[in-house]
Every structure is written in structure tokens, then in C-alpha cells.
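Data from target.pdb: PDB, C-alpha atoms and all ligand atoms
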MODEL        1
ATOM      1  CA  MET J   1       8.675  12.192  28.291  1.00  0.00           C
ATOM      2  CA  ALA J   2       6.280  13.343  30.997  1.00  0.00           C
ATOM      3  CA  GLU J   3       3.730  15.911  29.775  1.00  0.00           C
ATOM      4  CA  ALA J   4       3.947  16.999  26.107  1.00  0.00           C
ATOM      5  CA  PRO J   5       2.886  20.587  25.286  1.00  0.00           C
ATOM      6  CA  SER J   6       0.415  19.662  22.524  1.00  0.00           C
ATOM      7  CA  GLN J   7      -1.409  22.906  21.815  1.00  0.00           C
ATOM      8  CA  LYS J   8      -2.681  22.196  18.322  1.00  0.00           C
ATOM      9  CA  HIS J   9      -5.380  19.696  17.433  1.00  0.00           C
ATOM     10  CA  PHE J  10      -5.455  17.704  14.196  1.00  0.00           C
ATOM     11  CA  PRO J  11      -8.708  15.720  14.022  1.00  0.00           C
ATOM     12  CA  VAL J  12      -8.833  12.996  11.352  1.00  0.00           C
ATOM     13  CA  SER J  13     -12.114  11.537  10.075  1.00  0.00           C
ATOM     14  CA  TRP J  14     -12.551   7.912   8.956  1.00  0.00           C
ATOM     15  CA  ASP J  15     -12.805   9.129   5.392  1.00  0.00           C
ATOM     16  CA  GLN J  16      -9.597  11.134   5.625  1.00  0.00           C
ATOM     17  CA  PHE J  17      -7.776   8.297   7.347  1.00  0.00           C
ATOM     18  CA  HIS J  18      -8.812   5.824   4.660  1.00  0.00           C
ATOM     19  CA  ARG J  19      -7.624   8.213   1.947  1.00  0.00           C
ATOM     20  CA  ASP J  20      -4.275   8.787   3.698  1.00  0.00           C
ATOM     21  CA  ALA J  21      -3.731   5.062   4.379  1.00  0.00           C
ATOM     22  CA  ARG J  22      -4.488   4.299   0.734  1.00  0.00           C
ATOM     23  CA  ALA J  23      -2.028   7.005  -0.347  1.00  0.00           C
ATOM     24  CA  LEU J  24       0.531   5.266   1.872  1.00  0.00           C
ATOM     25  CA  ALA J  25      -0.228   1.973   0.124  1.00  0.00           C
ATOM     26  CA  TRP J  26       0.348   3.592  -3.290  1.00  0.00           C
ATOM     27  CA  ARG J  27       3.753   4.816  -2.118  1.00  0.00           C
ATOM     28  CA  LEU J  28       4.612   1.418  -0.612  1.00  0.00           C
ATOM     29  CA  ALA J  29       3.673  -0.386  -3.803  1.00  0.00           C
ATOM     30  CA  ALA J  30       6.811   1.111  -5.307  1.00  0.00           C
ATOM     31  CA  ALA J  31       8.972   0.182  -2.295  1.00  0.00           C
ATOM     32  CA  GLY J  32       7.955  -3.502  -2.106  1.00  0.00           C
ATOM     33  CA  PRO J  33       7.217  -6.292  -2.673  1.00  0.00           C
ATOM     34  CA  PHE J  34       6.611  -7.321   0.935  1.00  0.00           C
ATOM     35  CA  ASP J  35       6.124 -10.881   2.183  1.00  0.00           C
ATOM     36  CA  SER J  36       4.427  -9.872   5.411  1.00  0.00           C
ATOM     37  CA  VAL J  37       3.075  -6.938   7.387  1.00  0.00           C
ATOM     38  CA  VAL J  38       3.855  -6.391  11.054  1.00  0.00           C
ATOM     39  CA  CYS J  39       1.439  -3.954  12.656  1.00  0.00           C
ATOM     40  CA  VAL J  40       2.282  -2.060  15.813  1.00  0.00           C
ATOM     41  CA  THR J  41      -0.757  -2.374  18.047  1.00  0.00           C
ATOM     42  CA  ARG J  42      -3.058  -0.906  18.567  1.00  0.00           C
ATOM     43  CA  GLY J  43      -2.908   2.132  16.293  1.00  0.00           C
ATOM     44  CA  GLY J  44      -1.179   0.254  13.478  1.00  0.00           C
ATOM     45  CA  LEU J  45      -3.992  -2.297  13.149  1.00  0.00           C
ATOM     46  CA  VAL J  46      -6.244   0.003  11.114  1.00  0.00           C
ATOM     47  CA  PRO J  47      -3.738   1.242   8.500  1.00  0.00           C
ATOM     48  CA  ALA J  48      -2.217  -2.261   8.314  1.00  0.00           C
ATOM     49  CA  ALA J  49      -5.584  -3.709   7.261  1.00  0.00           C
ATOM     50  CA  ILE J  50      -5.941  -1.085   4.529  1.00  0.00           C
ATOM     51  CA  VAL J  51      -2.353  -1.378   3.276  1.00  0.00           C
ATOM     52  CA  ALA J  52      -2.380  -5.205   3.329  1.00  0.00           C
ATOM     53  CA  ARG J  53      -5.590  -5.217   1.293  1.00  0.00           C
ATOM     54  CA  GLU J  54      -4.138  -2.850  -1.319  1.00  0.00           C
ATOM     55  CA  LEU J  55      -0.820  -4.727  -1.596  1.00  0.00           C
ATOM     56  CA  ASN J  56      -2.385  -8.204  -1.368  1.00  0.00           C
ATOM     57  CA  VAL J  57      -0.322  -9.225   1.664  1.00  0.00           C
ATOM     58  CA  ARG J  58      -1.966 -12.078   3.597  1.00  0.00           C
ATOM     59  CA  MET J  59       0.675 -12.764   6.252  1.00  0.00           C
ATOM     60  CA  ILE J  60      -0.033 -10.355   9.115  1.00  0.00           C
ATOM     61  CA  GLU J  61       1.762 -10.240  12.462  1.00  0.00           C
ATOM     62  CA  THR J  62       1.479  -7.950  15.463  1.00  0.00           C
ATOM     63  CA  VAL J  63       4.024  -6.432  17.778  1.00  0.00           C
ATOM     64  CA  CYS J  64       2.196  -5.297  20.900  1.00  0.00           C
ATOM     65  CA  VAL J  65       3.544  -2.124  22.489  1.00  0.00           C
ATOM     66  CA  GLU J  66       2.220  -0.045  25.362  1.00  0.00           C
ATOM     67  CA  SER J  67       3.469   3.486  25.773  1.00  0.00           C
ATOM     68  CA  TYR J  68       0.990   6.377  25.996  1.00  0.00           C
ATOM     69  CA  THR J  69      -1.492   6.593  28.864  1.00  0.00           C
ATOM     70  CA  GLY J  70      -3.370   9.701  27.694  1.00  0.00           C
ATOM     71  CA  ILE J  71      -3.106  12.750  25.435  1.00  0.00           C
ATOM     72  CA  GLY J  72       0.562  13.759  25.459  1.00  0.00           C
ATOM     73  CA  ARG J  73       1.363  11.430  28.357  1.00  0.00           C
ATOM     74  CA  GLN J  74       4.021   8.884  27.469  1.00  0.00           C
ATOM     75  CA  GLY J  75       4.877   6.339  30.119  1.00  0.00           C
ATOM     76  CA  GLU J  76       7.428   3.550  30.226  1.00  0.00           C
ATOM     77  CA  LEU J  77       7.459   1.682  26.908  1.00  0.00           C
ATOM     78  CA  ARG J  78       6.698  -2.025  27.250  1.00  0.00           C
ATOM     79  CA  VAL J  79       6.751  -4.656  24.511  1.00  0.00           C
ATOM     80  CA  LEU J  80       3.887  -6.956  25.539  1.00  0.00           C
ATOM     81  CA  LYS J  81       4.350  -9.346  22.604  1.00  0.00           C
ATOM     82  CA  GLY J  82       7.288  -9.654  20.226  1.00  0.00           C
ATOM     83  CA  ILE J  83       7.451 -10.793  16.581  1.00  0.00           C
ATOM     84  CA  SER J  84       7.127 -14.468  15.660  1.00  0.00           C
ATOM     85  CA  GLU J  85      10.252 -16.102  14.224  1.00  0.00           C
ATOM     86  CA  ALA J  86       8.133 -17.386  11.347  1.00  0.00           C
ATOM     87  CA  ILE J  87       8.073 -13.786  10.045  1.00  0.00           C
ATOM     88  CA  THR J  88      11.838 -13.279  10.178  1.00  0.00           C
ATOM     89  CA  SER J  89      13.179 -16.674   9.148  1.00  0.00           C
ATOM     90  CA  GLY J  90      14.932 -17.748   5.929  1.00  0.00           C
ATOM     91  CA  SER J  91      15.010 -15.045   3.266  1.00  0.00           C
ATOM     92  CA  ASN J  92      13.200 -12.690   5.664  1.00  0.00           C
ATOM     93  CA  ALA J  93      16.041 -12.802   8.225  1.00  0.00           C
ATOM     94  CA  GLY J  94      16.409  -9.529  10.102  1.00  0.00           C
ATOM     95  CA  GLY J  95      13.134  -8.295   8.649  1.00  0.00           C
ATOM     96  CA  GLN J  96      14.159  -8.286   4.971  1.00  0.00           C
ATOM     97  CA  GLY J  97      10.946  -8.081   2.901  1.00  0.00           C
ATOM     98  CA  VAL J  98       8.867  -7.237   5.985  1.00  0.00           C
ATOM     99  CA  LEU J  99       6.713  -4.126   6.213  1.00  0.00           C
ATOM    100  CA  ILE J 100       6.070  -2.553   9.641  1.00  0.00           C
ATOM    101  CA  VAL J 101       2.968  -0.346   9.794  1.00  0.00           C
ATOM    102  CA  ASP J 102       1.939   2.110  12.510  1.00  0.00           C
ATOM    103  CA  ASP J 103      -0.529   4.986  12.523  1.00  0.00           C
ATOM    104  CA  LEU J 104       2.076   7.604  13.414  1.00  0.00           C
ATOM    105  CA  VAL J 105       5.526   8.309  14.713  1.00  0.00           C
ATOM    106  CA  ASP J 106       5.787  11.009  17.382  1.00  0.00           C
ATOM    107  CA  THR J 107       8.952  11.045  19.532  1.00  0.00           C
ATOM    108  CA  GLY J 108      10.216   7.959  17.689  1.00  0.00           C
ATOM    109  CA  LYS J 109      10.486   5.901  20.878  1.00  0.00           C
ATOM    110  CA  THR J 110       8.128   3.152  19.683  1.00  0.00           C
ATOM    111  CA  ALA J 111       9.687   3.024  16.217  1.00  0.00           C
ATOM    112  CA  ARG J 112      13.190   2.768  17.693  1.00  0.00           C
ATOM    113  CA  VAL J 113      12.248  -0.232  19.849  1.00  0.00           C
ATOM    114  CA  VAL J 114      10.405  -2.029  17.027  1.00  0.00           C
ATOM    115  CA  ARG J 115      13.225  -1.345  14.562  1.00  0.00           C
ATOM    116  CA  GLU J 116      15.687  -2.970  16.933  1.00  0.00           C
ATOM    117  CA  LEU J 117      13.600  -6.157  16.756  1.00  0.00           C
ATOM    118  CA  ILE J 118      13.673  -6.284  12.935  1.00  0.00           C
ATOM    119  CA  PRO J 119      16.302  -3.811  11.679  1.00  0.00           C
ATOM    120  CA  LYS J 120      16.026  -4.683   7.963  1.00  0.00           C
ATOM    121  CA  ALA J 121      12.256  -4.152   7.776  1.00  0.00           C
ATOM    122  CA  HIS J 122      10.634  -1.198   5.998  1.00  0.00           C
ATOM    123  CA  PHE J 123       8.925   1.088   8.538  1.00  0.00           C
ATOM    124  CA  ALA J 124       5.816   2.974   7.337  1.00  0.00           C
ATOM    125  CA  THR J 125       3.403   5.309   9.101  1.00  0.00           C
ATOM    126  CA  VAL J 126       0.527   7.430   7.891  1.00  0.00           C
ATOM    127  CA  TYR J 127       1.544  10.507   9.924  1.00  0.00           C
ATOM    128  CA  ALA J 128       4.897  11.699  11.248  1.00  0.00           C
ATOM    129  CA  LYS J 129       6.116  14.363  13.643  1.00  0.00           C
ATOM    130  CA  PRO J 130       9.629  15.875  13.227  1.00  0.00           C
ATOM    131  CA  MET J 131      11.288  14.024  16.127  1.00  0.00           C
ATOM    132  CA  GLY J 132      10.246  10.614  14.821  1.00  0.00           C
ATOM    133  CA  ARG J 133      10.517  11.291  11.115  1.00  0.00           C
ATOM    134  CA  PRO J 134      14.141  10.072  10.706  1.00  0.00           C
ATOM    135  CA  LEU J 135      13.062   6.627  11.943  1.00  0.00           C
ATOM    136  CA  VAL J 136      10.395   6.139   9.243  1.00  0.00           C
ATOM    137  CA  ASP J 137      11.122   4.990   5.693  1.00  0.00           C
ATOM    138  CA  THR J 138       7.754   6.026   4.234  1.00  0.00           C
ATOM    139  CA  PHE J 139       4.974   8.290   5.535  1.00  0.00           C
ATOM    140  CA  ILE J 140       2.263  10.501   4.065  1.00  0.00           C
ATOM    141  CA  THR J 141       1.644  13.642   6.152  1.00  0.00           C
ATOM    142  CA  GLU J 142       3.890  15.515   8.572  1.00  0.00           C
ATOM    143  CA  VAL J 143       2.426  17.574  11.416  1.00  0.00           C
ATOM    144  CA  SER J 144       4.310  19.792  13.871  1.00  0.00           C
ATOM    145  CA  GLN J 145       5.666  18.332  17.106  1.00  0.00           C
ATOM    146  CA  ASP J 146       3.207  20.339  19.217  1.00  0.00           C
ATOM    147  CA  THR J 147       0.191  18.928  17.349  1.00  0.00           C
ATOM    148  CA  TRP J 148      -1.905  16.084  18.778  1.00  0.00           C
ATOM    149  CA  ILE J 149      -3.545  13.899  16.130  1.00  0.00           C
ATOM    150  CA  PHE J 150      -7.062  12.749  17.044  1.00  0.00           C
ATOM    151  CA  PHE J 151      -7.886   9.479  15.297  1.00  0.00           C
ATOM    152  CA  PRO J 152     -11.465   8.542  14.338  1.00  0.00           C
ATOM    153  CA  TRP J 153     -11.469   5.489  16.640  1.00  0.00           C
ATOM    154  CA  ASP J 154     -10.704   7.781  19.608  1.00  0.00           C
ATOM    155  CA  THR J 155     -13.290  10.463  18.861  1.00  0.00           C
ATOM    156  CA  GLY J 156     -17.007  11.046  18.246  1.00  0.00           C
ATOM    157  CA  LEU J 157     -19.346  13.829  17.156  1.00  0.00           C
ATOM    158  CA  ALA J 158     -19.666  16.538  19.800  1.00  0.00           C
ATOM    159  CA  PHE J 159     -20.878  20.151  20.136  1.00  0.00           C
ATOM    160  CA  VAL J 160     -18.198  22.777  19.400  1.00  0.00           C
ATOM    161  CA  PRO J 161     -18.680  26.274  20.903  1.00  0.00           C
ATOM    162  CA  PRO J 162     -18.730  29.080  18.252  1.00  0.00           C
ATOM    163  CA  ILE J 163     -15.594  31.179  17.737  1.00  0.00           C
ATOM    164  CA  HIS J 164     -17.253  34.326  19.221  1.00  0.00           C
ATOM    165  CA  GLY J 165     -17.409  32.540  22.579  1.00  0.00           C
ATOM    166  CA  GLY J 166     -21.193  32.770  23.096  1.00  0.00           C
ATOM    167  CA  ALA J 167     -23.681  29.916  23.029  1.00  0.00           C
TER     168      ALA J 167
HETATM  169  O1  LIG O 201       6.777   7.899  18.493  1.00  0.00           O
HETATM  170  P1  LIG O 201       6.175   7.666  19.834  1.00  0.00           P
HETATM  171  O2  LIG O 201       6.334   8.861  20.740  1.00  0.00           O
HETATM  172  O3  LIG O 201       6.647   6.417  20.494  1.00  0.00           O
HETATM  173  O4  LIG O 201       4.605   7.562  19.641  1.00  0.00           O
HETATM  174  C1  LIG O 201       4.002   6.837  18.599  1.00  0.00           C
HETATM  175  C2  LIG O 201       3.221   5.682  19.134  1.00  0.00           C
HETATM  176  O5  LIG O 201       2.258   6.136  20.082  1.00  0.00           O
HETATM  177  C3  LIG O 201       0.969   5.658  19.751  1.00  0.00           C
HETATM  178  O6  LIG O 201       0.715   4.400  20.333  1.00  0.00           O
HETATM  179  P2  LIG O 201       0.219   4.275  21.843  1.00  0.00           P
HETATM  180  O7  LIG O 201       1.380   3.961  22.734  1.00  0.00           O
HETATM  181  O8  LIG O 201      -0.585   5.481  22.222  1.00  0.00           O
HETATM  182  O9  LIG O 201      -0.693   2.994  21.877  1.00  0.00           O
HETATM  183  P3  LIG O 201      -1.931   2.588  20.956  1.00  0.00           P
HETATM  184  O10 LIG O 201      -1.388   2.383  19.581  1.00  0.00           O
HETATM  185  O11 LIG O 201      -2.408   1.346  21.598  1.00  0.00           O
HETATM  186  O12 LIG O 201      -2.931   3.716  21.006  1.00  0.00           O
HETATM  187  C4  LIG O 201       1.010   5.499  18.243  1.00  0.00           C
HETATM  188  O13 LIG O 201       0.048   4.543  17.819  1.00  0.00           O
HETATM  189  C5  LIG O 201       2.421   5.024  18.007  1.00  0.00           C
HETATM  190  O14 LIG O 201       2.511   3.620  18.116  1.00  0.00           O
HETATM  191  O1  LIG O 202      -0.542  12.765  18.241  1.00  0.00           O
HETATM  192  C1  LIG O 202      -0.906  11.646  18.680  1.00  0.00           C
HETATM  193  N1  LIG O 202      -2.204  11.222  18.553  1.00  0.00           N
HETATM  194  C2  LIG O 202      -2.625  10.012  18.999  1.00  0.00           C
HETATM  195  N2  LIG O 202      -1.814   9.144  19.616  1.00  0.00           N
HETATM  196  C3  LIG O 202      -0.512   9.493  19.759  1.00  0.00           C
HETATM  197  N3  LIG O 202       0.497   8.810  20.323  1.00  0.00           N
HETATM  198  C4  LIG O 202       1.589   9.584  20.238  1.00  0.00           C
HETATM  199  N4  LIG O 202       1.309  10.754  19.643  1.00  0.00           N
HETATM  200  C5  LIG O 202      -0.018  10.732  19.323  1.00  0.00           C
HETATM  201 MG    MG O 203       0.600   2.737  18.859  1.00  0.00          MG
ENDMDL
END

When written as C-alpha cells, how does the structure in this file appear?
Ligand SMILES: O=P(O)(O)OC[C@H]1O[C@H](OP(=O)(O)OP(=O)(O)O)[C@H](O)[C@@H]1O
Ligand code: HPA
Ligand SMILES: [Mg+2]
Amino acid sequence: MAEAPSQKHFPVSWDQFHRDARALAWRLAAAGPFDSVVCVTRGGLVPAAIVARELNVRMIETVCVESYTGIGRQGELRVLKGISEAITSGSNAGGQGVLIVDDLVDTGKTARVVRELIPKAHFATVYAKPMGRPLVDTFITEVSQDTWIFFPWDTGLAFVPPIHGGA
């Protein structure tokens, strides 16, 4: 995907994100139990911390993926670090009993690649867009495909011009 036509903005505050990640944990509590959490860096690190705390999961792994280079600009997807065999060995073979957490699914490209690494794992995101939704087992809020979600770690307080256009 070269340049995505993201016309709508969906800003999320820390407070809102915490509430939504906790709502995800409530939903996942019914889908578990999970032996470990694999977070998709970097965006998955924040919800993974919240979910792991709520579900009392202490075994945390990362899968490091690079994909987007700016708002709506998706480049070549690269897996910089895979998943340790310690997470998928024995009764967890194939990802059984493993929970993958990411902040959102958009086109589904990242989720597809991570799922291939551990196909039996449960994939959870806080937000989902229609194209990626079929790849996620559990999510909380769906936004339209032409919406760009602005996360609190990517934003700060700034002046907003009034609707009437003047100063
Ligand atoms: O469904 P997709 O179209 O693949 O997009 C979703 C992925 O894109 C974002 O990560 P990004 O590549 O921006 O890296 P980051 O998590 O380090 O910000 C987001 O955190 C998801 O991992
Ligand atoms: O809507 C989004 N917001 C932030 N990062 C993203 N990466 C893919 N889609 C998005
Ligand atoms: Mg990401």
C-alpha cells in the first residue's frame, strides 16, 4: 500500500486507551487462560502491559515488526525479531495458549505475518479497521478504513483553530 486516503481523525487519550485496553482484558478473560503474551512492537507494548497485568500473565515476549513509515504510509513489512521457541514449545506448540496483542489492525498485513509464525495463538487488538478485522479474534472498537487513529504516545496538546476559521 503506498498512500492511504485517511481523511478522518480519531484521537485517543491515555485515559481512553487505558479504558479500552482494560475492556479488551475483560473480554480476553473469558477467552483464556493464556500462558504467555506476545506483543507486536512497538504499538502492542502498551496494551500488552495493561492486559498482562489484568490477566496476571508474567511471561511476555515480543515480535518486532516494521511496516509504517508515516501517517498512512505503509512500506515493506520486515520482521526484525521473531518469537522465541520457549514460548511455543511443549503444550504451547503452534501458539496454543498464547495471546498476541497489538494496538490495532488496519490492512491486516502485520497480523497475517505474525499469525503465520504462531497460527494457533489468539490474536487481540484494541482497535480494528474493516480490512484487518477478519484476522483478529478479539477487539474492542471498530473504526472505518479511512480513519487514522492517533495514539497518545504519538501526540501532544496543541492549538486547534476554531470551526469558523478565524483566529
Ligand atoms: O494492519 P496493518 O496495516 O499491518 O497495520 C497495523 C500495524 O501498523 C502499526 O504498526 P507500525 O508498523 O506503524 O509500527 P509501530 O507499532 O512501531 O508504530 C500498528 O501498531 C500495527 O502493528
Ligand atoms: O490508524 C493508524 N494509526 C496509527 N498507526 C497505524 N498503523 C496503521 N494504521 C494506523
Ligand atoms: Mg505496530

Quiz prompt | Shell around Ala124 of chain J at 9 Å using all atoms listed in the file, local window under 6 positions removed, as a count of residues only | solution = 13

Any chance you could tabulate, as CSV, the residues of chain J at most 7 Å from ligand LIG 201 (chain O) with each one's nearest atom pair and distance in Å to one decimal, using all atoms listed in the file, in chain and rising number order?
residue,atom,partner,partner_atom,distance
J:Val40,CA,O:LIG201,O14,6.1
J:Thr41,CA,O:LIG201,O10,5.0
J:Arg42,CA,O:LIG201,O10,3.8
J:Gly43,CA,O:LIG201,O10,3.6
J:Gly44,CA,O:LIG201,O13,6.2
J:Val65,CA,O:LIG201,O7,6.5
J:Glu66,CA,O:LIG201,O7,4.9
J:Ser67,CA,O:LIG201,O7,3.7
J:Tyr68,CA,O:LIG201,O7,4.1
J:Thr69,CA,O:LIG201,O8,6.8
J:Asp102,CA,O:LIG201,O14,5.8
J:Asp103,CA,O:LIG201,O13,5.3
J:Leu104,CA,O:LIG201,C5,5.3
J:Val105,CA,O:LIG201,O1,4.0
J:Asp106,CA,O:LIG201,O1,3.4
J:Thr107,CA,O:LIG201,O2,3.6
J:Gly108,CA,O:LIG201,O1,3.5
J:Lys109,CA,O:LIG201,O3,3.9
J:Thr110,CA,O:LIG201,O3,3.7
J:Ala111,CA,O:LIG201,O1,6.1
J:Gly132,CA,O:LIG201,O1,5.7

Practice problem: Check which residues satisfy the PyMOL selection byres (((chain J and resi 38) around 6) and not hetatm) in the file shown, then give them as a PyMOL selection string. | Solution: chain J and resi 37+39+60-62+100

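Note that atom CA of Ile149 of chain J and atom CA of Phe10 of chain J are 4.7 Å apart.
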
Practice problem: Tell me which residues the PyMOL selection byres (((chain J and resi 80) around 10) and not hetatm) grabs here, as a ChimeraX atom specification. | Solution: /J:41,63-66,77-79,81-82

Quiz item: Taking the file as shown, what set of residues would the PyMOL selection byres (((chain J and resi 121) around 9) and not hetatm) give back, as a list in words?
Solution: Asn92, Gly94, Gly95, Gln96, Gly97, Val98, Leu99, Ile100, Arg115, Ile118, Pro119, Lys120, His122 and Phe123 of chain J

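Minimum atom-to-atom distance to ligand MG 203 (chain O), evaluated using only C-alpha atoms and all ligand atoms, belongs to J:Val126 out of J:Val126, J:Gly166, J:Ile83, J:Ser89.
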
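Of the residues listed (J:Ala86, J:Ala93, J:Val114, J:Ala21), J:Val114 shows the shortest atom-to-atom separation from ligand MG 203 (chain O); distances use all atoms listed in the file.
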
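Counting all atoms listed in the file, the residue from J:Val51, J:Ala25, J:Ile71, J:Val113 that sits nearest to ligand LIG 202 (chain O) is J:Ile71.
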
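Atom pair atom CA of Pro11 of chain J / atom N1 of ligand LIG 202 (chain O) has a distance of 9.1 Å (rounded to one decimal).
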
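The smallest atom-to-atom distance between His18 of chain J and any of J:Gly32, J:Phe151, J:Arg73, J:Leu55, using only C-alpha atoms, is found for J:Phe151.
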
Quiz item: How many Å lie between atom CA of Gly70 of chain J and atom CA of Ala128 of chain J, rounded to one decimal?
Solution: 18.5 Å

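Checking J:Arg53, J:Arg133, J:His9, J:Arg27 one by one against ligand LIG 202 (chain O), counting all atoms listed in the file, you find the shortest gap at J:His9.
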
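Remark: for ligand LIG 202 (chain O), the closest of the candidate residues J:Thr125, J:Gly72, J:Leu117, J:Arg112 is J:Gly72 (distances computed over all atoms listed in the file).
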
Padding 5 Å on every side, please: axis-aligned box over the listed atoms of ligand LIG 202 (chain O), centre and edge lengths to one decimal in Å, as lines of an AutoDock Vina configuration file.
center_x = -0.5
center_y = 10.8
center_z = 19.3
size_x = 14.2
size_y = 14.0
size_z = 12.1
